[in-house]
Amino acid sequence: MREGWKEVVLGDVLFKIVGGGTPSKAIDSYWNGDVYWCSVKDMTEESKYLYSTEDTITFEGLKNSSSNLIKRGTVVTATRMGLGRAFISGVDMAINQDLKALYPNEKIDNIFLLYTILFNKDVIEALGSGATVKGIKLETLKSIKFLLPPLETQRKIAKILSNYDDLIENNLKRIKLLEEMAQQTYEEWFVRMRFPGHESATINPETGLPEGWEKVKLGEVCNFSQGLQVPIEKQFTQFSNELIRFIRIVDVTQNTNDIRYIESPKSLNQFVHFKDVFMVRYGAPQVVTNYHGIIANNFFRININDENKLKRKFLFSFLNRNEIKENLLAMSVSATMPAISFKSFSTLDIILPEIEVQAKFHKYVDTTYDLILNLQNQNQRLREARDILLPRLMMGMVEV
């Protein structure tokens, strides 16, 4: 053991642990307010900071529940579901009962505490109990052992790892801006109808659309391929030339570092290239692109019948509209786990501009999505480098 390092348990370095709660779902005035309310579904592996949440509550809901307002800069970890995940709150937010806010004492640096949790992810998962959903008791969490270097060394280690995460964070912000720019271009051209040449366009009196444009059902121009179900024992964590990337729901929604590979199936109906478009079928509707591999069965690929009639990036931007997502959610079957029905999906109305206009849009935004793909690849390499360094730094194997 390096000089000045000592073995401690997590409880030795915590001033206090604060839990959370959920306001009553039966009282509307408790929800959709100005307070971010975090649950496990908001946690991802792509960023060490969390700046927003899917759900919000009101201050009335906060006051009338066991939830607590966690200040910006606090380390938060999951103690039920998503064990071993952790983040630093980028804004003030409330948390639910599955999360705990960790407040360090003077022995440990706050950011080093975050990386301590992430480094011990496998240990925390192994200590979890529960038949269906795993959870970990606070006393068990506090008993986890780890090596604690001097405070100055902690800060150096935290700085090295943070450099990687800060680069990832900057790239994520750039990706978001690029995605917003591409979507705003679609809205400008095809919703506000300010496409190139709109000033001189002739409107067809029968359709109310520019000449050469038409309204069709999505099923008239596309067909769909359900993803592939692959048992966990046939998924591999190490790549080889005989294997192909297997794209799971967590890869898309959480940007997990746990990448899986499978043997190439006989049929490639579930194969997607970076330029292809596919949809999340179960849960909240989401259109996806910029992936390469075989999609899992909770996705479906959208196959365009004739690319001289419909361009992929135009289709992607159409399906990425909030209005369309809301329509799809309303059309989804099952109350517990909404699922997009191919029959309902086929009935969506889509307005097809002239192919020349679509081609201009496709060319414009395709460059944007190439930049996004490049940034995504950069982030993957940064995560891999950080994850290689993490155990070496936390165990004192690397001189800082």
# chains A, B, ... in the order shown; residues from 1 in each chain; ligands from 1
>>> closest_atom_pairs(of="region 32-78 of chain A", to="region 375-390 of chain A", cutoff="12 Å", atoms="only C-alpha atoms", output="tab-separated table")
residue	atom	partner	partner_atom	distance
A:Glu45	CA	A:Arg383	CA	9.4
A:Glu46	CA	A:Arg383	CA	8.3
A:Ser47	CA	A:Arg383	CA	9.8
A:Lys48	CA	A:Arg383	CA	11.3
>>> residues_around(residues="region 23-34 of chain A", least_positions_apart="2", cutoff="10 Å", atoms="only C-alpha atoms", output="list in words")
Gly21, Tyr36, Trp37, Asp55, Thr56, Ile57, Thr58, Phe59, Glu60, Gly61, Leu62, Lys63, Asn64, Ser65, Ser66, Ser67, Met93 and Asn96 of chain A
>>> write_last_selection(atoms="N, CA and C atoms", output="CSV table (one decimal), in the first residue's frame")
chain,number,residue,atom,x,y,z
A,21,GLY,N,-38.2,10.6,-1.6
A,21,GLY,CA,-39.6,10.1,-1.6
A,21,GLY,C,-40.4,10.6,-2.9
A,36,TYR,N,-37.1,20.0,-10.2
A,36,TYR,CA,-36.6,18.7,-10.8
A,36,TYR,C,-36.8,17.6,-9.8
A,37,TRP,N,-37.3,16.4,-10.3
A,37,TRP,CA,-37.5,15.3,-9.4
A,37,TRP,C,-36.9,14.1,-10.0
A,55,ASP,N,-39.2,14.0,-14.9
A,55,ASP,CA,-40.4,14.5,-14.2
A,55,ASP,C,-40.0,15.7,-13.3
A,56,THR,N,-41.0,16.5,-13.0
A,56,THR,CA,-40.9,17.6,-12.1
A,56,THR,C,-42.0,17.6,-11.1
A,57,ILE,N,-41.8,18.2,-9.9
A,57,ILE,CA,-42.8,18.3,-8.9
A,57,ILE,C,-42.9,19.8,-8.5
A,58,THR,N,-44.0,20.1,-7.8
A,58,THR,CA,-44.2,21.5,-7.3
A,58,THR,C,-43.5,21.6,-5.9
A,59,PHE,N,-43.4,22.8,-5.4
A,59,PHE,CA,-42.9,22.9,-4.0
A,59,PHE,C,-43.9,22.4,-3.0
A,60,GLU,N,-45.2,22.4,-3.4
A,60,GLU,CA,-46.3,21.8,-2.6
A,60,GLU,C,-46.1,20.3,-2.5
A,61,GLY,N,-45.7,19.7,-3.6
A,61,GLY,CA,-45.5,18.3,-3.6
A,61,GLY,C,-44.2,17.9,-2.8
A,62,LEU,N,-43.2,18.8,-2.9
A,62,LEU,CA,-42.0,18.5,-2.1
A,62,LEU,C,-42.3,18.6,-0.6
A,63,LYS,N,-43.1,19.6,-0.3
A,63,LYS,CA,-43.4,19.8,1.2
A,63,LYS,C,-44.2,18.7,1.7
A,64,ASN,N,-45.1,18.1,0.9
A,64,ASN,CA,-46.0,17.1,1.4
A,64,ASN,C,-45.6,15.7,1.0
A,65,SER,N,-44.3,15.5,1.0
A,65,SER,CA,-43.8,14.1,0.7
A,65,SER,C,-42.5,14.0,1.5
A,66,SER,N,-41.9,12.8,1.4
A,66,SER,CA,-40.6,12.5,2.1
A,66,SER,C,-39.5,12.8,1.2
A,67,SER,N,-39.7,13.4,0.0
A,67,SER,CA,-38.6,13.8,-0.9
A,67,SER,C,-37.9,15.0,-0.2
A,93,MET,N,-32.2,19.7,-7.0
A,93,MET,CA,-33.3,18.7,-7.4
A,93,MET,C,-33.7,17.9,-6.2
A,96,ASN,N,-36.1,10.6,-5.4
A,96,ASN,CA,-37.1,9.7,-4.9
A,96,ASN,C,-36.5,8.7,-3.9
>>> closest_residue(among="A:Thr74, A:Thr79, A:Ser267, A:Thr44", to="Asp109 (chain A)", atoms="only C-alpha atoms")
A:Thr74
>>> closest_residue(among="A:Leu393, A:Gly227, A:Asp92, A:Tyr164", to="Lys71 (chain A)", atoms="only C-alpha atoms")
A:Asp92
>>> closest_residue(among="A:Thr22, A:Glu188, A:Val13, A:Glu180", to="Leu102 (chain A)", atoms="only C-alpha atoms")
A:Val13
>>> select_by_dssp(residues="region 129-355 of chain A", states="helix (DSSP H, G or I)", output="ChimeraX atom specification")
/A:138-142,151-191,198-200,218-221,232-234,249-253,312-319,322-331,342-346,355
>>> closest_residue(among="A:Glu220, A:Glu187, A:Glu179, A:Asp12", to="Leu141 (chain A)", atoms="only C-alpha atoms")
A:Asp12
>>> select_by_dssp(residues="region 126-162 of chain A", states="strand (DSSP E)", output="PyMOL selection string")
chain A and resi 145-148
>>> residues_around(residues="Met181 (chain A)", least_positions_apart="5", cutoff="10 Å", atoms="only C-alpha atoms", output="list in words")
Ile175, Lys176, Tyr186, Glu187, Val365 and Thr368 of chain A
>>> write_last_selection(atoms="N, CA, C and O atoms", output="tab-separated table (two decimals), in the first residue's frame")
chain	number	residue	atom	x	y	z
A	175	ILE	N	-23.23	17.80	-29.13
A	175	ILE	CA	-24.17	16.89	-29.81
A	175	ILE	C	-25.59	17.41	-29.69
A	175	ILE	O	-26.34	17.42	-30.67
A	176	LYS	N	-25.95	17.84	-28.50
A	176	LYS	CA	-27.32	18.34	-28.30
A	176	LYS	C	-27.59	19.56	-29.17
A	176	LYS	O	-28.66	19.69	-29.78
A	186	TYR	N	-35.48	21.36	-40.00
A	186	TYR	CA	-36.68	20.65	-40.46
A	186	TYR	C	-37.93	21.48	-40.19
A	186	TYR	O	-38.80	21.64	-41.06
A	187	GLU	N	-38.05	22.00	-38.97
A	187	GLU	CA	-39.23	22.80	-38.61
A	187	GLU	C	-39.35	24.02	-39.51
A	187	GLU	O	-40.45	24.38	-39.94
A	365	VAL	N	-28.36	18.18	-43.47
A	365	VAL	CA	-28.32	17.64	-42.11
A	365	VAL	C	-27.43	16.40	-42.01
A	365	VAL	O	-26.98	16.05	-40.91
A	368	THR	N	-24.30	17.30	-40.54
A	368	THR	CA	-24.47	17.51	-39.11
A	368	THR	C	-24.42	16.19	-38.35
A	368	THR	O	-23.75	16.07	-37.31
>>> residues_around(residues="Arg248 (chain A)", least_positions_apart="4", cutoff="8 Å", atoms="only C-alpha atoms", output="PyMOL selection string")
chain A and resi 252+295-296+298
>>> write_last_selection(atoms="N, CA, C and O atoms", output="JSON list (two decimals), in the first residue's frame")
[["chain", "number", "residue", "atom", "x", "y", "z"],
["A", 252, "VAL", "N", -28.97, 2.84, -26.11],
["A", 252, "VAL", "CA", -29.57, 4.05, -26.68],
["A", 252, "VAL", "C", -30.02, 5.01, -25.58],
["A", 252, "VAL", "O", -29.77, 6.21, -25.65],
["A", 295, "ILE", "N", -30.12, -4.90, -34.08],
["A", 295, "ILE", "CA", -30.95, -4.29, -33.04],
["A", 295, "ILE", "C", -31.72, -5.36, -32.26],
["A", 295, "ILE", "O", -32.09, -6.39, -32.79],
["A", 296, "ALA", "N", -31.92, -5.09, -30.97],
["A", 296, "ALA", "CA", -32.65, -6.00, -30.10],
["A", 296, "ALA", "C", -34.15, -5.93, -30.40],
["A", 296, "ALA", "O", -34.63, -5.06, -31.12],
["A", 298, "ASN", "N", -36.66, -4.95, -28.75],
["A", 298, "ASN", "CA", -37.48, -3.80, -28.34],
["A", 298, "ASN", "C", -37.28, -2.60, -29.28],
["A", 298, "ASN", "O", -37.67, -1.49, -28.96]]
>>> residues_around(residues="region 112-123 of chain A", least_positions_apart="3", cutoff="10 Å", atoms="only C-alpha atoms", output="PDB file with N, CA, C and O atoms, in the first residue's frame")
ATOM      1  N   LEU A  10     -16.968   3.052   3.750  1.00  0.00           N
ATOM      2  CA  LEU A  10     -17.657   4.235   3.240  1.00  0.00           C
ATOM      3  C   LEU A  10     -18.282   5.068   4.363  1.00  0.00           C
ATOM      4  O   LEU A  10     -18.275   6.304   4.318  1.00  0.00           O
ATOM      5  N   VAL A  13     -16.350   8.096   5.928  1.00  0.00           N
ATOM      6  CA  VAL A  13     -16.078   9.349   5.227  1.00  0.00           C
ATOM      7  C   VAL A  13     -17.353  10.128   4.908  1.00  0.00           C
ATOM      8  O   VAL A  13     -17.310  11.119   4.176  1.00  0.00           O
ATOM      9  N   LEU A  14     -18.480   9.674   5.463  1.00  0.00           N
ATOM     10  CA  LEU A  14     -19.746  10.358   5.192  1.00  0.00           C
ATOM     11  C   LEU A  14     -20.230  11.105   6.420  1.00  0.00           C
ATOM     12  O   LEU A  14     -20.270  10.558   7.533  1.00  0.00           O
ATOM     13  N   GLU A  45     -24.947   6.552 -17.798  1.00  0.00           N
ATOM     14  CA  GLU A  45     -23.507   6.368 -17.619  1.00  0.00           C
ATOM     15  C   GLU A  45     -22.712   7.327 -18.499  1.00  0.00           C
ATOM     16  O   GLU A  45     -21.494   7.248 -18.562  1.00  0.00           O
ATOM     17  N   LYS A  48     -21.105  12.550 -15.687  1.00  0.00           N
ATOM     18  CA  LYS A  48     -21.014  12.525 -14.221  1.00  0.00           C
ATOM     19  C   LYS A  48     -21.954  13.555 -13.593  1.00  0.00           C
ATOM     20  O   LYS A  48     -22.161  13.531 -12.379  1.00  0.00           O
ATOM     21  N   THR A  74     -24.084  17.846  -5.249  1.00  0.00           N
ATOM     22  CA  THR A  74     -24.166  16.731  -4.310  1.00  0.00           C
ATOM     23  C   THR A  74     -24.023  15.390  -5.038  1.00  0.00           C
ATOM     24  O   THR A  74     -24.583  15.202  -6.119  1.00  0.00           O
ATOM     25  N   VAL A  75     -23.294  14.466  -4.442  1.00  0.00           N
ATOM     26  CA  VAL A  75     -23.180  13.111  -4.997  1.00  0.00           C
ATOM     27  C   VAL A  75     -24.453  12.332  -4.655  1.00  0.00           C
ATOM     28  O   VAL A  75     -24.867  12.282  -3.495  1.00  0.00           O
ATOM     29  N   VAL A  76     -25.063  11.729  -5.667  1.00  0.00           N
ATOM     30  CA  VAL A  76     -26.287  10.944  -5.492  1.00  0.00           C
ATOM     31  C   VAL A  76     -26.044   9.549  -6.053  1.00  0.00           C
ATOM     32  O   VAL A  76     -25.474   9.405  -7.141  1.00  0.00           O
ATOM     33  N   THR A  77     -26.479   8.526  -5.325  1.00  0.00           N
ATOM     34  CA  THR A  77     -26.322   7.154  -5.810  1.00  0.00           C
ATOM     35  C   THR A  77     -27.634   6.398  -5.647  1.00  0.00           C
ATOM     36  O   THR A  77     -28.507   6.800  -4.881  1.00  0.00           O
ATOM     37  N   GLY A  82     -30.494  -0.097 -10.543  1.00  0.00           N
ATOM     38  CA  GLY A  82     -29.346   0.693 -10.975  1.00  0.00           C
ATOM     39  C   GLY A  82     -28.258   0.790  -9.930  1.00  0.00           C
ATOM     40  O   GLY A  82     -27.596   1.827  -9.803  1.00  0.00           O
ATOM     41  N   LEU A  83     -28.056  -0.269  -9.158  1.00  0.00           N
ATOM     42  CA  LEU A  83     -27.074  -0.224  -8.076  1.00  0.00           C
ATOM     43  C   LEU A  83     -25.683   0.100  -8.615  1.00  0.00           C
ATOM     44  O   LEU A  83     -25.259  -0.429  -9.637  1.00  0.00           O
ATOM     45  N   GLY A  84     -24.987   0.971  -7.910  1.00  0.00           N
ATOM     46  CA  GLY A  84     -23.638   1.350  -8.306  1.00  0.00           C
ATOM     47  C   GLY A  84     -23.580   2.545  -9.230  1.00  0.00           C
ATOM     48  O   GLY A  84     -22.506   3.061  -9.511  1.00  0.00           O
ATOM     49  N   ARG A  85     -24.722   3.007  -9.701  1.00  0.00           N
ATOM     50  CA  ARG A  85     -24.720   4.235 -10.507  1.00  0.00           C
ATOM     51  C   ARG A  85     -24.640   5.433  -9.571  1.00  0.00           C
ATOM     52  O   ARG A  85     -25.144   5.407  -8.444  1.00  0.00           O
ATOM     53  N   ALA A  86     -24.036   6.492 -10.055  1.00  0.00           N
ATOM     54  CA  ALA A  86     -23.925   7.702  -9.244  1.00  0.00           C
ATOM     55  C   ALA A  86     -23.723   8.900 -10.159  1.00  0.00           C
ATOM     56  O   ALA A  86     -23.272   8.764 -11.298  1.00  0.00           O
ATOM     57  N   PHE A  87     -24.078  10.074  -9.658  1.00  0.00           N
ATOM     58  CA  PHE A  87     -23.867  11.310 -10.406  1.00  0.00           C
ATOM     59  C   PHE A  87     -23.745  12.455  -9.417  1.00  0.00           C
ATOM     60  O   PHE A  87     -24.010  12.301  -8.213  1.00  0.00           O
ATOM     61  N   ILE A  88     -23.336  13.603  -9.941  1.00  0.00           N
ATOM     62  CA  ILE A  88     -23.326  14.837  -9.167  1.00  0.00           C
ATOM     63  C   ILE A  88     -24.447  15.714  -9.682  1.00  0.00           C
ATOM     64  O   ILE A  88     -24.578  15.918 -10.895  1.00  0.00           O
ATOM     65  N   LEU A 102     -25.266  11.614  -0.814  1.00  0.00           N
ATOM     66  CA  LEU A 102     -24.135  11.328   0.066  1.00  0.00           C
ATOM     67  C   LEU A 102     -23.386  12.627   0.366  1.00  0.00           C
ATOM     68  O   LEU A 102     -22.899  13.294  -0.550  1.00  0.00           O
ATOM     69  N   TYR A 103     -23.282  12.961   1.642  1.00  0.00           N
ATOM     70  CA  TYR A 103     -22.595  14.185   2.055  1.00  0.00           C
ATOM     71  C   TYR A 103     -21.270  13.801   2.723  1.00  0.00           C
ATOM     72  O   TYR A 103     -21.270  13.164   3.783  1.00  0.00           O
ATOM     73  N   PRO A 104     -20.136  14.166   2.120  1.00  0.00           N
ATOM     74  CA  PRO A 104     -18.836  13.759   2.651  1.00  0.00           C
ATOM     75  C   PRO A 104     -18.427  14.570   3.875  1.00  0.00           C
ATOM     76  O   PRO A 104     -18.836  15.730   4.031  1.00  0.00           O
ATOM     77  N   ILE A 108     -12.739  13.226   2.891  1.00  0.00           N
ATOM     78  CA  ILE A 108     -12.803  12.816   1.484  1.00  0.00           C
ATOM     79  C   ILE A 108     -13.253  13.966   0.596  1.00  0.00           C
ATOM     80  O   ILE A 108     -14.138  14.762   0.970  1.00  0.00           O
ATOM     81  N   ASP A 109     -12.640  14.069  -0.564  1.00  0.00           N
ATOM     82  CA  ASP A 109     -13.032  15.054  -1.571  1.00  0.00           C
ATOM     83  C   ASP A 109     -14.353  14.629  -2.204  1.00  0.00           C
ATOM     84  O   ASP A 109     -14.584  13.439  -2.453  1.00  0.00           O
ATOM     85  N   ALA A 126     -23.157  -6.675  -6.267  1.00  0.00           N
ATOM     86  CA  ALA A 126     -23.059  -8.019  -5.673  1.00  0.00           C
ATOM     87  C   ALA A 126     -23.678  -8.062  -4.273  1.00  0.00           C
ATOM     88  O   ALA A 126     -24.204  -9.106  -3.851  1.00  0.00           O
ATOM     89  N   LEU A 127     -23.629  -6.953  -3.554  1.00  0.00           N
ATOM     90  CA  LEU A 127     -24.164  -6.898  -2.195  1.00  0.00           C
ATOM     91  C   LEU A 127     -25.669  -6.638  -2.183  1.00  0.00           C
ATOM     92  O   LEU A 127     -26.303  -6.713  -1.129  1.00  0.00           O
ATOM     93  N   GLY A 128     -26.237  -6.340  -3.338  1.00  0.00           N
ATOM     94  CA  GLY A 128     -27.673  -6.091  -3.423  1.00  0.00           C
ATOM     95  C   GLY A 128     -28.469  -7.367  -3.204  1.00  0.00           C
ATOM     96  O   GLY A 128     -28.009  -8.472  -3.473  1.00  0.00           O
ATOM     97  N   LEU A 141     -24.193  -0.602   2.531  1.00  0.00           N
ATOM     98  CA  LEU A 141     -23.496   0.374   1.694  1.00  0.00           C
ATOM     99  C   LEU A 141     -22.358   1.031   2.478  1.00  0.00           C
ATOM    100  O   LEU A 141     -21.238   1.178   1.974  1.00  0.00           O
ATOM    101  N   ILE A 144     -18.858  -0.862   2.902  1.00  0.00           N
ATOM    102  CA  ILE A 144     -17.976  -1.162   1.765  1.00  0.00           C
ATOM    103  C   ILE A 144     -16.583  -0.588   2.018  1.00  0.00           C
ATOM    104  O   ILE A 144     -16.417   0.587   2.343  1.00  0.00           O
ATOM    105  N   LYS A 145     -15.566  -1.448   1.831  1.00  0.00           N
ATOM    106  CA  LYS A 145     -14.182  -1.042   2.082  1.00  0.00           C
ATOM    107  C   LYS A 145     -13.536  -0.510   0.802  1.00  0.00           C
ATOM    108  O   LYS A 145     -13.827  -0.974  -0.301  1.00  0.00           O
ATOM    109  N   PHE A 146     -12.653   0.478   0.967  1.00  0.00           N
ATOM    110  CA  PHE A 146     -11.876   0.995  -0.160  1.00  0.00           C
ATOM    111  C   PHE A 146     -10.621   1.679   0.364  1.00  0.00           C
ATOM    112  O   PHE A 146     -10.500   1.954   1.566  1.00  0.00           O
ATOM    113  N   LEU A 147      -9.703   1.948  -0.556  1.00  0.00           N
ATOM    114  CA  LEU A 147      -8.450   2.620  -0.182  1.00  0.00           C
ATOM    115  C   LEU A 147      -8.623   4.134  -0.268  1.00  0.00           C
ATOM    116  O   LEU A 147      -9.102   4.653  -1.279  1.00  0.00           O
ATOM    117  N   LEU A 148      -8.246   4.818   0.797  1.00  0.00           N
ATOM    118  CA  LEU A 148      -8.371   6.268   0.860  1.00  0.00           C
ATOM    119  C   LEU A 148      -6.981   6.902   0.893  1.00  0.00           C
ATOM    120  O   LEU A 148      -6.257   6.775   1.884  1.00  0.00           O
ATOM    121  N   LEU A 151      -5.709  13.614   1.178  1.00  0.00           N
ATOM    122  CA  LEU A 151      -6.658  14.507   0.523  1.00  0.00           C
ATOM    123  C   LEU A 151      -6.083  15.131  -0.746  1.00  0.00           C
ATOM    124  O   LEU A 151      -6.772  15.244  -1.773  1.00  0.00           O
ATOM    125  N   THR A 153      -3.857  13.866  -2.751  1.00  0.00           N
ATOM    126  CA  THR A 153      -3.825  12.832  -3.785  1.00  0.00           C
ATOM    127  C   THR A 153      -5.235  12.562  -4.315  1.00  0.00           C
ATOM    128  O   THR A 153      -5.434  12.347  -5.515  1.00  0.00           O
ATOM    129  N   GLN A 154      -6.217  12.571  -3.422  1.00  0.00           N
ATOM    130  CA  GLN A 154      -7.607  12.404  -3.847  1.00  0.00           C
ATOM    131  C   GLN A 154      -7.975  13.447  -4.910  1.00  0.00           C
ATOM    132  O   GLN A 154      -8.590  13.130  -5.936  1.00  0.00           O
ATOM    133  N   ARG A 155      -7.596  14.683  -4.646  1.00  0.00           N
ATOM    134  CA  ARG A 155      -7.952  15.767  -5.560  1.00  0.00           C
ATOM    135  C   ARG A 155      -7.237  15.626  -6.898  1.00  0.00           C
ATOM    136  O   ARG A 155      -7.800  15.944  -7.953  1.00  0.00           O
ATOM    137  N   LYS A 156      -6.007  15.128  -6.858  1.00  0.00           N
ATOM    138  CA  LYS A 156      -5.276  14.903  -8.115  1.00  0.00           C
ATOM    139  C   LYS A 156      -5.946  13.794  -8.927  1.00  0.00           C
ATOM    140  O   LYS A 156      -6.120  13.917 -10.145  1.00  0.00           O
ATOM    141  N   ILE A 157      -6.321  12.709  -8.261  1.00  0.00           N
ATOM    142  CA  ILE A 157      -7.008  11.606  -8.942  1.00  0.00           C
ATOM    143  C   ILE A 157      -8.340  12.077  -9.512  1.00  0.00           C
ATOM    144  O   ILE A 157      -8.683  11.791 -10.664  1.00  0.00           O
ATOM    145  N   ALA A 158      -9.085  12.826  -8.705  1.00  0.00           N
ATOM    146  CA  ALA A 158     -10.382  13.349  -9.161  1.00  0.00           C
ATOM    147  C   ALA A 158     -10.205  14.266 -10.363  1.00  0.00           C
ATOM    148  O   ALA A 158     -11.008  14.237 -11.305  1.00  0.00           O
ATOM    149  N   LYS A 159      -9.132  15.053 -10.374  1.00  0.00           N
ATOM    150  CA  LYS A 159      -8.873  15.975 -11.486  1.00  0.00           C
ATOM    151  C   LYS A 159      -8.564  15.212 -12.764  1.00  0.00           C
ATOM    152  O   LYS A 159      -9.066  15.546 -13.850  1.00  0.00           O
ATOM    153  N   LEU A 161      -9.455  12.113 -13.636  1.00  0.00           N
ATOM    154  CA  LEU A 161     -10.662  11.461 -14.138  1.00  0.00           C
ATOM    155  C   LEU A 161     -11.677  12.486 -14.623  1.00  0.00           C
ATOM    156  O   LEU A 161     -12.369  12.272 -15.626  1.00  0.00           O
ATOM    157  N   SER A 162     -11.756  13.622 -13.924  1.00  0.00           N
ATOM    158  CA  SER A 162     -12.691  14.678 -14.324  1.00  0.00           C
ATOM    159  C   SER A 162     -12.338  15.269 -15.682  1.00  0.00           C
ATOM    160  O   SER A 162     -13.227  15.706 -16.416  1.00  0.00           O
ATOM    161  N   ASP A 387     -12.173   4.461 -18.052  1.00  0.00           N
ATOM    162  CA  ASP A 387     -12.486   3.227 -17.331  1.00  0.00           C
ATOM    163  C   ASP A 387     -11.256   2.345 -17.134  1.00  0.00           C
ATOM    164  O   ASP A 387     -11.215   1.534 -16.203  1.00  0.00           O
ATOM    165  N   LEU A 390      -9.474   4.319 -14.173  1.00  0.00           N
ATOM    166  CA  LEU A 390     -10.204   4.378 -12.894  1.00  0.00           C
ATOM    167  C   LEU A 390      -9.686   3.380 -11.855  1.00  0.00           C
ATOM    168  O   LEU A 390      -9.278   3.793 -10.753  1.00  0.00           O
ATOM    169  N   PRO A 391      -9.652   2.072 -12.149  1.00  0.00           N
ATOM    170  CA  PRO A 391      -9.175   1.146 -11.109  1.00  0.00           C
ATOM    171  C   PRO A 391      -7.698   1.332 -10.767  1.00  0.00           C
ATOM    172  O   PRO A 391      -7.300   1.144  -9.610  1.00  0.00           O
ATOM    173  N   LEU A 393      -5.951   4.102 -10.774  1.00  0.00           N
ATOM    174  CA  LEU A 393      -5.790   5.285  -9.914  1.00  0.00           C
ATOM    175  C   LEU A 393      -6.359   5.025  -8.517  1.00  0.00           C
ATOM    176  O   LEU A 393      -5.747   5.382  -7.507  1.00  0.00           O
ATOM    177  N   MET A 394      -7.526   4.386  -8.453  1.00  0.00           N
ATOM    178  CA  MET A 394      -8.191   4.195  -7.174  1.00  0.00           C
ATOM    179  C   MET A 394      -7.475   3.165  -6.301  1.00  0.00           C
ATOM    180  O   MET A 394      -7.654   3.146  -5.077  1.00  0.00           O
ATOM    181  N   MET A 395      -6.640   2.311  -6.908  1.00  0.00           N
ATOM    182  CA  MET A 395      -5.898   1.308  -6.140  1.00  0.00           C
ATOM    183  C   MET A 395      -4.446   1.695  -5.930  1.00  0.00           C
ATOM    184  O   MET A 395      -3.641   0.931  -5.413  1.00  0.00           O
TER     185      MET A 395
END
>>> residues_around(residues="Val216 (chain A)", least_positions_apart="5", cutoff="7 Å", atoms="only C-alpha atoms", output="PyMOL selection string")
chain A and resi 349-351
>>> closest_residue(among="A:Val398, A:Ile95, A:Ala330, A:Ala359", to="Val35 (chain A)", atoms="only C-alpha atoms")
A:Ile95
>>> atom_distance(atom1="CA of Val277 (chain A)", atom2="CA of Gln184 (chain A)")
18.9 Å
>>> closest_residue(among="A:Glu54, A:Asp251, A:Glu7, A:Glu399", to="Val280 (chain A)", atoms="only C-alpha atoms")
A:Asp251
>>> decode(residues="region 45-55 of chain A", atoms="N, CA, C and O atoms", output="short mmCIF file (atom, residue, chain, number, x, y, z; two decimals), in the first residue's frame")
data_model
loop_
_atom_site.label_atom_id
_atom_site.label_comp_id
_atom_site.auth_asym_id
_atom_site.auth_seq_id
_atom_site.Cartn_x
_atom_site.Cartn_y
_atom_site.Cartn_z
N GLU A 45 -24.95 6.55 -17.80
CA GLU A 45 -23.51 6.37 -17.62
C GLU A 45 -22.71 7.33 -18.50
O GLU A 45 -21.49 7.25 -18.56
N GLU A 46 -23.42 8.23 -19.21
CA GLU A 46 -22.71 9.08 -20.17
C GLU A 46 -22.15 10.35 -19.56
O GLU A 46 -21.31 11.01 -20.16
N SER A 47 -22.61 10.73 -18.38
CA SER A 47 -22.15 11.99 -17.80
C SER A 47 -22.08 11.88 -16.29
O SER A 47 -22.91 11.20 -15.66
N LYS A 48 -21.10 12.55 -15.69
CA LYS A 48 -21.01 12.52 -14.22
C LYS A 48 -21.95 13.56 -13.59
O LYS A 48 -22.16 13.53 -12.38
N TYR A 49 -22.51 14.46 -14.41
CA TYR A 49 -23.44 15.47 -13.92
C TYR A 49 -24.85 15.19 -14.44
O TYR A 49 -25.02 14.64 -15.54
N LEU A 50 -25.86 15.57 -13.67
CA LEU A 50 -27.25 15.49 -14.12
C LEU A 50 -27.86 16.88 -13.98
O LEU A 50 -27.88 17.45 -12.90
N TYR A 51 -28.33 17.41 -15.12
CA TYR A 51 -28.82 18.78 -15.15
C TYR A 51 -30.34 18.89 -15.26
O TYR A 51 -30.91 19.96 -15.04
N SER A 52 -31.00 17.80 -15.64
CA SER A 52 -32.46 17.86 -15.77
C SER A 52 -33.03 16.47 -15.53
O SER A 52 -32.31 15.48 -15.57
N THR A 53 -34.33 16.41 -15.30
CA THR A 53 -35.01 15.14 -15.05
C THR A 53 -36.27 15.06 -15.90
O THR A 53 -36.80 16.07 -16.34
N GLU A 54 -36.71 13.83 -16.12
CA GLU A 54 -37.91 13.63 -16.94
C GLU A 54 -39.15 14.20 -16.26
O GLU A 54 -40.02 14.77 -16.90
N ASP A 55 -39.23 14.03 -14.93
CA ASP A 55 -40.40 14.50 -14.16
C ASP A 55 -40.03 15.69 -13.29
O ASP A 55 -38.88 15.84 -12.86
#
